[in-house]
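Student: Below is the file query-v4.csv, with CSV, C-alpha atoms.
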chain,number,residue,atom,x,y,z
A,1,MET,CA,71.4,-78.3,27.0
A,2,ALA,CA,73.1,-81.6,28.0
A,3,LYS,CA,71.5,-84.9,26.9
A,4,ILE,CA,68.9,-86.1,29.4
A,5,THR,CA,69.8,-89.6,30.5
A,6,ALA,CA,67.7,-92.3,32.1
A,7,GLU,CA,69.6,-91.7,35.3
A,8,MET,CA,68.7,-88.1,35.3
A,9,ARG,CA,65.1,-88.8,34.8
A,10,GLN,CA,65.1,-91.3,37.7
A,11,GLN,CA,66.8,-88.7,39.9
A,12,LEU,CA,64.0,-86.3,39.1
A,13,ALA,CA,61.4,-88.9,39.7
A,14,ASP,CA,62.8,-89.7,43.1
A,15,ALA,CA,63.2,-86.0,44.0
A,16,ILE,CA,59.6,-85.1,43.3
A,17,VAL,CA,58.1,-88.0,45.3
A,18,PRO,CA,57.7,-86.1,48.6
A,19,TYR,CA,56.1,-83.1,46.7
A,20,GLN,CA,53.7,-85.3,44.9
A,21,GLU,CA,52.7,-87.2,48.0
A,22,LYS,CA,51.9,-83.9,49.7
A,23,ILE,CA,49.9,-82.8,46.6
A,24,ASP,CA,48.0,-86.1,46.6
A,25,GLY,CA,47.2,-85.9,50.3
A,26,LEU,CA,45.8,-82.3,49.9
A,27,LEU,CA,43.8,-83.2,46.9
A,28,ALA,CA,42.3,-86.1,48.8
A,29,ASP,CA,41.4,-83.7,51.6
A,30,GLU,CA,39.8,-81.4,49.1
A,31,LYS,CA,37.6,-84.1,47.7
A,32,THR,CA,36.5,-85.1,51.2
A,33,THR,CA,35.6,-81.5,52.1
A,34,VAL,CA,33.7,-80.9,48.8
A,35,ASN,CA,31.7,-84.1,49.3
A,36,LEU,CA,30.9,-83.1,52.9
A,37,LEU,CA,29.7,-79.6,51.7
A,38,LYS,CA,27.3,-81.3,49.4
A,39,ARG,CA,25.5,-82.7,52.5
A,40,ASP,CA,26.2,-80.1,55.1
A,41,HIS,CA,26.7,-76.4,54.4
A,42,THR,CA,27.8,-75.5,57.9
A,43,ASP,CA,30.6,-73.0,57.8
A,44,GLU,CA,30.8,-73.4,54.1
A,45,SER,CA,32.5,-70.0,53.4
A,46,TYR,CA,35.2,-70.6,56.0
A,47,LYS,CA,35.9,-74.1,54.6
A,48,LYS,CA,36.1,-72.7,51.0
A,49,LEU,CA,38.6,-70.1,52.2
A,50,GLN,CA,40.7,-72.9,53.6
A,51,LEU,CA,40.4,-74.8,50.3
A,52,ALA,CA,41.6,-71.8,48.5
A,53,GLU,CA,44.6,-71.6,50.7
A,54,ASP,CA,45.3,-75.3,50.2
A,55,MET,CA,45.1,-74.8,46.4
A,56,ILE,CA,47.7,-72.0,46.6
A,57,PHE,CA,50.0,-74.4,48.5
A,58,ILE,CA,49.4,-77.1,46.0
A,59,ALA,CA,50.3,-74.7,43.1
A,60,THR,CA,53.6,-73.9,44.8
A,61,LEU,CA,54.4,-77.6,45.1
A,62,TYR,CA,53.9,-78.0,41.4
A,63,MET,CA,56.2,-75.1,40.8
A,64,ALA,CA,58.7,-76.7,43.1
A,65,GLN,CA,58.6,-79.8,40.8
A,66,ASN,CA,59.3,-77.5,37.9
A,67,SER,CA,62.3,-76.0,39.8
A,68,LEU,CA,63.6,-79.5,40.4
A,69,SER,CA,63.3,-80.3,36.7
A,70,LEU,CA,65.2,-77.2,35.8
A,71,LYS,CA,67.9,-78.1,38.3
A,72,ILE,CA,68.3,-81.8,37.3
A,73,LEU,CA,67.3,-81.8,33.6
A,74,ASP,CA,67.9,-78.2,32.7
A,75,ALA,CA,64.4,-78.3,31.2
A,76,LYS,CA,61.0,-77.0,32.3
A,77,ASN,CA,58.3,-79.3,33.5
A,78,ASN,CA,55.4,-77.8,31.5
A,79,ASP,CA,53.0,-80.4,32.8
A,80,ALA,CA,53.7,-79.3,36.4
A,81,LEU,CA,53.4,-75.7,35.4
A,82,ASN,CA,50.0,-76.3,33.8
A,83,GLU,CA,48.8,-78.2,36.8
A,84,SER,CA,49.9,-75.2,38.9
A,85,ARG,CA,47.9,-72.8,36.6
A,86,LYS,CA,44.8,-74.9,36.9
A,87,THR,CA,45.1,-75.2,40.6
A,88,LEU,CA,45.4,-71.4,41.0
A,89,TYR,CA,42.2,-71.1,39.0
A,90,ARG,CA,40.6,-73.5,41.5
A,91,ALA,CA,41.8,-71.3,44.4
A,92,ILE,CA,40.1,-68.3,42.7
A,93,ILE,CA,36.9,-70.3,42.1
A,94,TYR,CA,36.6,-71.1,45.8
A,95,LEU,CA,37.0,-67.4,46.6
A,96,GLU,CA,34.4,-66.5,44.0
A,97,ASP,CA,32.0,-68.9,45.7
A,98,VAL,CA,32.5,-67.0,48.9
A,99,VAL,CA,32.5,-63.3,47.7
A,100,THR,CA,31.3,-63.5,44.1
A,101,ASN,CA,33.0,-62.7,40.8
A,102,PHE,CA,31.2,-59.3,40.4
A,103,VAL,CA,33.6,-56.6,39.3
A,104,ASP,CA,31.6,-53.3,39.2
A,105,VAL,CA,29.0,-53.6,41.9
A,106,PRO,CA,27.9,-51.4,44.9
A,107,TYR,CA,29.6,-52.5,48.1
A,108,SER,CA,26.2,-53.0,49.6
A,109,ASP,CA,25.6,-55.9,47.2
A,110,LEU,CA,28.4,-57.8,49.0
A,111,THR,CA,27.1,-57.4,52.5
A,112,LYS,CA,25.6,-60.8,52.7
A,113,ASN,CA,28.8,-62.4,51.5
A,114,TRP,CA,30.9,-60.5,54.1
A,115,GLU,CA,28.6,-61.7,56.8
A,116,THR,CA,29.4,-65.3,56.1
A,117,ILE,CA,33.1,-64.6,56.9
A,118,ALA,CA,32.7,-62.0,59.5
A,119,ASP,CA,35.1,-63.8,61.9
A,120,ILE,CA,38.0,-63.7,59.5
A,121,PRO,CA,40.1,-60.6,60.4
A,122,VAL,CA,41.2,-58.3,57.6
A,123,SER,CA,44.8,-59.2,58.3
A,124,LYS,CA,44.2,-62.8,57.5
A,125,ARG,CA,42.3,-61.9,54.3
A,126,TYR,CA,45.2,-59.6,53.3
A,127,LEU,CA,47.7,-62.4,53.9
A,128,LEU,CA,45.6,-64.8,51.8
A,129,ILE,CA,45.5,-62.4,48.9
A,130,ARG,CA,49.2,-61.7,49.1
A,131,LYS,CA,49.9,-65.4,49.0
A,132,LEU,CA,47.8,-65.9,45.9
A,133,GLY,CA,49.3,-62.9,44.2
A,134,LEU,CA,52.8,-64.1,44.9
A,135,ALA,CA,51.9,-67.6,43.5
A,136,ILE,CA,50.5,-66.0,40.3
A,137,LYS,CA,53.7,-63.9,39.9
A,138,LEU,CA,56.0,-66.9,40.4
A,139,LEU,CA,54.0,-68.9,37.9
A,140,LYS,CA,54.1,-66.1,35.3
A,141,ASP,CA,57.9,-65.9,35.8
A,142,ALA,CA,58.2,-69.7,35.5
A,143,PHE,CA,56.3,-69.7,32.2
A,144,GLY,CA,58.3,-66.8,30.9
A,145,GLU,CA,57.5,-63.7,28.9
A,146,ASN,CA,56.8,-65.4,25.6
A,147,SER,CA,54.5,-68.1,27.0
A,148,LYS,CA,51.4,-69.1,25.0
A,149,TRP,CA,49.5,-68.3,28.3
A,150,LYS,CA,50.5,-64.6,28.2
A,151,TRP,CA,47.0,-63.2,27.5
A,152,SER,CA,45.4,-66.0,29.5
A,153,PHE,CA,47.1,-64.5,32.6
A,154,VAL,CA,45.2,-61.2,32.0
A,155,GLU,CA,42.0,-63.2,32.7
A,156,LEU,CA,43.5,-65.0,35.7
A,157,GLU,CA,44.8,-61.8,37.2
A,158,GLY,CA,41.5,-60.1,36.5
A,159,ARG,CA,39.6,-62.7,38.4
A,160,PHE,CA,42.2,-62.5,41.2
A,161,THR,CA,41.8,-58.8,41.4
A,162,THR,CA,38.0,-59.2,41.6
A,163,VAL,CA,38.1,-61.6,44.6
A,164,ALA,CA,40.7,-59.5,46.3
A,165,LYS,CA,38.4,-56.5,46.0
A,166,ASN,CA,35.4,-58.4,47.1
A,167,LEU,CA,37.1,-60.1,50.1
A,168,ILE,CA,37.6,-56.9,52.1
A,169,ASP,CA,34.6,-55.6,53.9
A,170,MET,CA,34.7,-52.0,52.7
A,171,LYS,CA,31.8,-50.9,54.9
A,172,LYS,CA,34.2,-51.4,57.7
A,173,GLY,CA,37.3,-50.7,55.7
A,174,ALA,CA,36.2,-47.3,54.7
A,175,LYS,CA,36.1,-46.4,58.4
A,176,ASP,CA,39.3,-48.1,59.4
A,177,TYR,CA,41.1,-46.4,56.5
A,178,PHE,CA,40.7,-43.0,58.3
A,179,GLU,CA,41.0,-44.2,61.9
A,180,PRO,CA,44.7,-44.6,63.0
A,181,SER,CA,43.6,-45.8,66.4
A,182,SER,CA,41.9,-48.8,64.8
A,183,ASP,CA,43.7,-52.1,65.2
A,184,ASP,CA,43.0,-52.7,61.5
A,185,TYR,CA,44.2,-49.3,60.3
A,186,GLU,CA,47.6,-50.2,58.9
A,187,THR,CA,46.4,-53.4,57.3
A,188,THR,CA,43.4,-51.7,55.7
A,189,VAL,CA,45.6,-48.9,54.3
A,190,LEU,CA,48.0,-51.5,52.8
A,191,TYR,CA,45.1,-53.5,51.4
A,192,VAL,CA,43.5,-50.5,49.8
A,193,ARG,CA,46.7,-49.4,48.2
A,194,MET,CA,47.3,-52.9,46.9
A,195,LEU,CA,43.7,-52.9,45.4
A,196,GLN,CA,44.4,-49.6,43.7
A,197,ARG,CA,47.4,-51.0,41.9
A,198,MET,CA,45.6,-54.3,41.1
A,199,LEU,CA,42.5,-52.6,39.7
A,200,ASP,CA,44.7,-50.3,37.5
A,201,GLY,CA,46.7,-53.3,36.4
A,202,SER,CA,43.6,-55.3,35.4
A,203,ALA,CA,42.0,-52.4,33.6
A,204,ASN,CA,45.2,-51.8,31.6
A,205,GLY,CA,45.7,-55.5,31.1
A,206,PHE,CA,42.3,-56.0,29.5
A,207,ARG,CA,42.7,-52.9,27.4
A,208,ASP,CA,46.1,-54.2,26.1
A,209,LYS,CA,44.6,-57.6,25.4
A,210,TYR,CA,41.9,-55.9,23.4
A,211,GLU,CA,44.3,-53.6,21.5
A,212,LEU,CA,47.2,-56.0,20.9
A,213,SER,CA,45.5,-59.4,20.7
A,214,THR,CA,41.8,-60.1,20.5
A,215,ARG,CA,39.9,-56.9,19.5
A,216,ARG,CA,37.0,-58.5,21.3
A,217,LEU,CA,34.5,-56.1,22.8
A,218,ASP,CA,34.2,-58.2,25.9
A,219,ASP,CA,37.8,-57.5,26.8
A,220,MET,CA,37.3,-53.8,26.4
A,221,ARG,CA,34.1,-53.9,28.5
A,222,ASP,CA,36.1,-55.8,31.2
A,223,ALA,CA,38.7,-53.1,31.1
A,224,ILE,CA,36.1,-50.4,31.7
A,225,LYS,CA,34.5,-52.5,34.5
A,226,PHE,CA,37.8,-52.5,36.4
A,227,LEU,CA,38.1,-48.7,35.9
A,228,LEU,CA,34.6,-48.3,37.3
A,229,ALA,CA,35.4,-50.5,40.3
A,230,ARG,CA,38.5,-48.4,40.9
A,231,HIS,CA,36.2,-45.3,40.7
A,232,LYS,CA,34.0,-46.8,43.5
A,233,LEU,CA,37.1,-47.5,45.6
A,234,CYS,CA,38.2,-43.9,45.3
A,235,LEU,CA,34.8,-42.7,46.3
A,236,ALA,CA,34.8,-45.1,49.3
A,237,ILE,CA,38.1,-43.5,50.6
A,238,GLY,CA,37.1,-39.9,49.7
A,239,ASP,CA,39.6,-39.6,46.9
A,240,LYS,CA,37.3,-37.4,44.7
A,241,ASN,CA,40.0,-36.0,42.4
A,242,ASN,CA,41.2,-39.4,41.3
A,243,ALA,CA,37.6,-40.6,41.1
A,244,GLU,CA,36.8,-37.9,38.7
A,245,GLU,CA,39.8,-38.5,36.5
A,246,ILE,CA,39.1,-42.3,36.4
A,247,LYS,CA,35.5,-41.6,35.5
A,248,LYS,CA,36.6,-39.4,32.6
A,249,LYS,CA,39.0,-42.2,31.5
A,250,ALA,CA,36.2,-44.7,31.5
A,251,VAL,CA,34.2,-42.4,29.2
A,252,ILE,CA,37.1,-42.0,26.8
A,253,TRP,CA,37.7,-45.8,26.7
A,254,LYS,CA,34.0,-46.5,26.1
A,255,ASP,CA,33.9,-43.9,23.3
A,256,LYS,CA,37.0,-45.6,21.7
A,257,MET,CA,35.3,-49.0,22.0
A,258,ASP,CA,32.1,-47.6,20.4
A,259,ALA,CA,34.1,-46.0,17.6
A,260,ASP,CA,36.0,-49.2,16.9
A,261,GLN,CA,32.8,-51.2,16.8
A,262,LYS,CA,31.2,-48.7,14.4
A,263,ALA,CA,34.3,-48.8,12.2
A,264,GLY,CA,34.3,-52.7,12.2
A,265,LEU,CA,37.6,-52.9,14.0
A,266,SER,CA,36.3,-55.1,16.9
A,267,SER,CA,34.0,-58.0,17.3
Please express what this file holds, its structure, as structure tokens.
Tutor:
Amino acid sequence: MAKITAEMRQQLADAIVPYQEKIDGLLADEKTTVNLLKRDHTDESYKKLQLAEDMIFIATLYMAQNSLSLKILDAKNNDALNESRKTLYRAIIYLEDVVTNFVDVPYSDLTKNWETIADIPVSKRYLLIRKLGLAIKLLKDAFGENSKWKWSFVELEGRFTTVAKNLIDMKKGAKDYFEPSSDDYETTVLYVRMLQRMLDGSANGFRDKYELSTRRLDDMRDAIKFLLARHKLCLAIGDKNNAEEIKKKAVIWKDKMDADQKAGLSS
């Protein structure tokens, strides 16, 4: 890596100005909206969905600053990447405020939450989740495979999976999934297929975290919760064969966890 000169640092500082100005403006807008919601809860869920979308955009602006640093200094901007990571957490928190952070719950428990965003079409919800998923992937790639945040991303992706699952109204989705004449048929099928992959990924991610890193029972319990959430999704779309296999897997994982605990291999 070439020596970083004062001129190079100034070039970077000048290059990131428009990105930082946009970030500062959006953060100011966020503060205004949050303060308003403390006094007036009108359309709160819709406003928080917009805040989540704004946070995703801010996170990409921080990643752009890192890209500029790589281009000009041939070095990562870890501060920008960490701000991006924190901002993606904020996006997820806003979504959790709207549709909860509950992993393994009956879909009926989410009905009241879905009612607060009934006017948001499934296509827009799907697009929001895809944007968030892409931002998380880009951030993971920017940090690199050996990042100290490797296992932290399991939690981030797990929370992302949860809000993605909770954001789609499956009372309606379970019908649209089998109705090719529905305007929402194609999007619903794509959304459900995406959720299947995400739930599997989060279940395996927490299991790997337990086996390879923490040996914490909470991580294994979370892995099982994501399996059970996958089981409920299979039942919702009539996939009884996979539902039965996933249920068996959850039992095996729980037996393994109980055996580890009994043997003193977990905490």
Student: Could you list, as a list in words, every residue within 10 Å of Ser45 (chain A), counting all atoms listed in the file and ignoring same-chain residues fewer than 5 positions away?
Tutor: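 What passes the distance filter is Gln50, Leu51, Tyr94, Leu95, Asp97, Val98, Val99, Asn113, Trp114, Glu115, Thr116 and Ile117 of chain A.
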Student: Could those residues be written to a file, using C-alpha atoms, as a PDB file, keeping the file's coordinate frame?
Tutor:
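File written: result11.pdb
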ATOM      1  CA  GLN A  50      40.700 -72.900  53.600  1.00  0.00           C
ATOM      2  CA  LEU A  51      40.400 -74.800  50.300  1.00  0.00           C
ATOM      3  CA  TYR A  94      36.600 -71.100  45.800  1.00  0.00           C
ATOM      4  CA  LEU A  95      37.000 -67.400  46.600  1.00  0.00           C
ATOM      5  CA  ASP A  97      32.000 -68.900  45.700  1.00  0.00           C
ATOM      6  CA  VAL A  98      32.500 -67.000  48.900  1.00  0.00           C
ATOM      7  CA  VAL A  99      32.500 -63.300  47.700  1.00  0.00           C
ATOM      8  CA  ASN A 113      28.800 -62.400  51.500  1.00  0.00           C
ATOM      9  CA  TRP A 114      30.900 -60.500  54.100  1.00  0.00           C
ATOM     10  CA  GLU A 115      28.600 -61.700  56.800  1.00  0.00           C
ATOM     11  CA  THR A 116      29.400 -65.300  56.100  1.00  0.00           C
ATOM     12  CA  ILE A 117      33.100 -64.600  56.900  1.00  0.00           C
TER      13      ILE A 117
END
Student: Using only C-alpha atoms, pick whichever of A:Lys171, A:Asp109, A:Ser152, A:Lys248 has the shortest atom-to-atom distance to Thr214 (chain A).
Tutor: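 Using only C-alpha atoms, the shortest distance to Thr214 (chain A) belongs to A:Ser152.
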Student: Between A:Trp253, A:Phe57, A:Trp149, A:Phe160, which residue has the minimum interatomic distance to Asn78 (chain A), considering all atoms listed in the file?
Tutor: A:Trp149
Student: To one decimal place in Å, what is the distance between CA of Ile56 (chain A) and CA of Arg159 (chain A)?
Tutor: 14.8 Å
Student: With all atoms listed in the file counted, which protein, DNA or RNA residues have an atom no more than 12 Å from (50.7, -76.0, 48.2) in the file frame? Please answer as an MDAnalysis selection string.
Tutor: chainID A and resid 19:27 50:65 83:84 87:88 91 131:132 135
Student: With C-alpha atoms retained, export the selected residues as a JSON list (two decimals), in the coordinates of the input.
Tutor:
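Below you can see again33.json, which holds the result:
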[["chain", "number", "residue", "atom", "x", "y", "z"],
["A", 19, "TYR", "CA", 56.10, -83.10, 46.70],
["A", 20, "GLN", "CA", 53.70, -85.30, 44.90],
["A", 21, "GLU", "CA", 52.70, -87.20, 48.00],
["A", 22, "LYS", "CA", 51.90, -83.90, 49.70],
["A", 23, "ILE", "CA", 49.90, -82.80, 46.60],
["A", 24, "ASP", "CA", 48.00, -86.10, 46.60],
["A", 25, "GLY", "CA", 47.20, -85.90, 50.30],
["A", 26, "LEU", "CA", 45.80, -82.30, 49.90],
["A", 27, "LEU", "CA", 43.80, -83.20, 46.90],
["A", 50, "GLN", "CA", 40.70, -72.90, 53.60],
["A", 51, "LEU", "CA", 40.40, -74.80, 50.30],
["A", 52, "ALA", "CA", 41.60, -71.80, 48.50],
["A", 53, "GLU", "CA", 44.60, -71.60, 50.70],
["A", 54, "ASP", "CA", 45.30, -75.30, 50.20],
["A", 55, "MET", "CA", 45.10, -74.80, 46.40],
["A", 56, "ILE", "CA", 47.70, -72.00, 46.60],
["A", 57, "PHE", "CA", 50.00, -74.40, 48.50],
["A", 58, "ILE", "CA", 49.40, -77.10, 46.00],
["A", 59, "ALA", "CA", 50.30, -74.70, 43.10],
["A", 60, "THR", "CA", 53.60, -73.90, 44.80],
["A", 61, "LEU", "CA", 54.40, -77.60, 45.10],
["A", 62, "TYR", "CA", 53.90, -78.00, 41.40],
["A", 63, "MET", "CA", 56.20, -75.10, 40.80],
["A", 64, "ALA", "CA", 58.70, -76.70, 43.10],
["A", 65, "GLN", "CA", 58.60, -79.80, 40.80],
["A", 83, "GLU", "CA", 48.80, -78.20, 36.80],
["A", 84, "SER", "CA", 49.90, -75.20, 38.90],
["A", 87, "THR", "CA", 45.10, -75.20, 40.60],
["A", 88, "LEU", "CA", 45.40, -71.40, 41.00],
["A", 91, "ALA", "CA", 41.80, -71.30, 44.40],
["A", 131, "LYS", "CA", 49.90, -65.40, 49.00],
["A", 132, "LEU", "CA", 47.80, -65.90, 45.90],
["A", 135, "ALA", "CA", 51.90, -67.60, 43.50]]
Student: Just want the 12 Å neighbourhood of Lys175 (chain A), counted on only C-alpha atoms, with same-chain residues fewer than 2 positions away dropped. Output as a PyMOL selection string.
Tutor: chain A and resi 169-173+177-185+188-189+236-238
Student: Compile the contact shell of Ser267 (chain A) as a count of residues only: residues with an atom at most 8 Å away, counting all atoms listed in the file, same-chain residues fewer than 5 positions apart removed.
Tutor: 4
Student: State, in Å with one decimal place, the distance from CA of Ala15 (chain A) to CA of Lys148 (chain A).
Tutor: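 It comes out at 28.0 Å.
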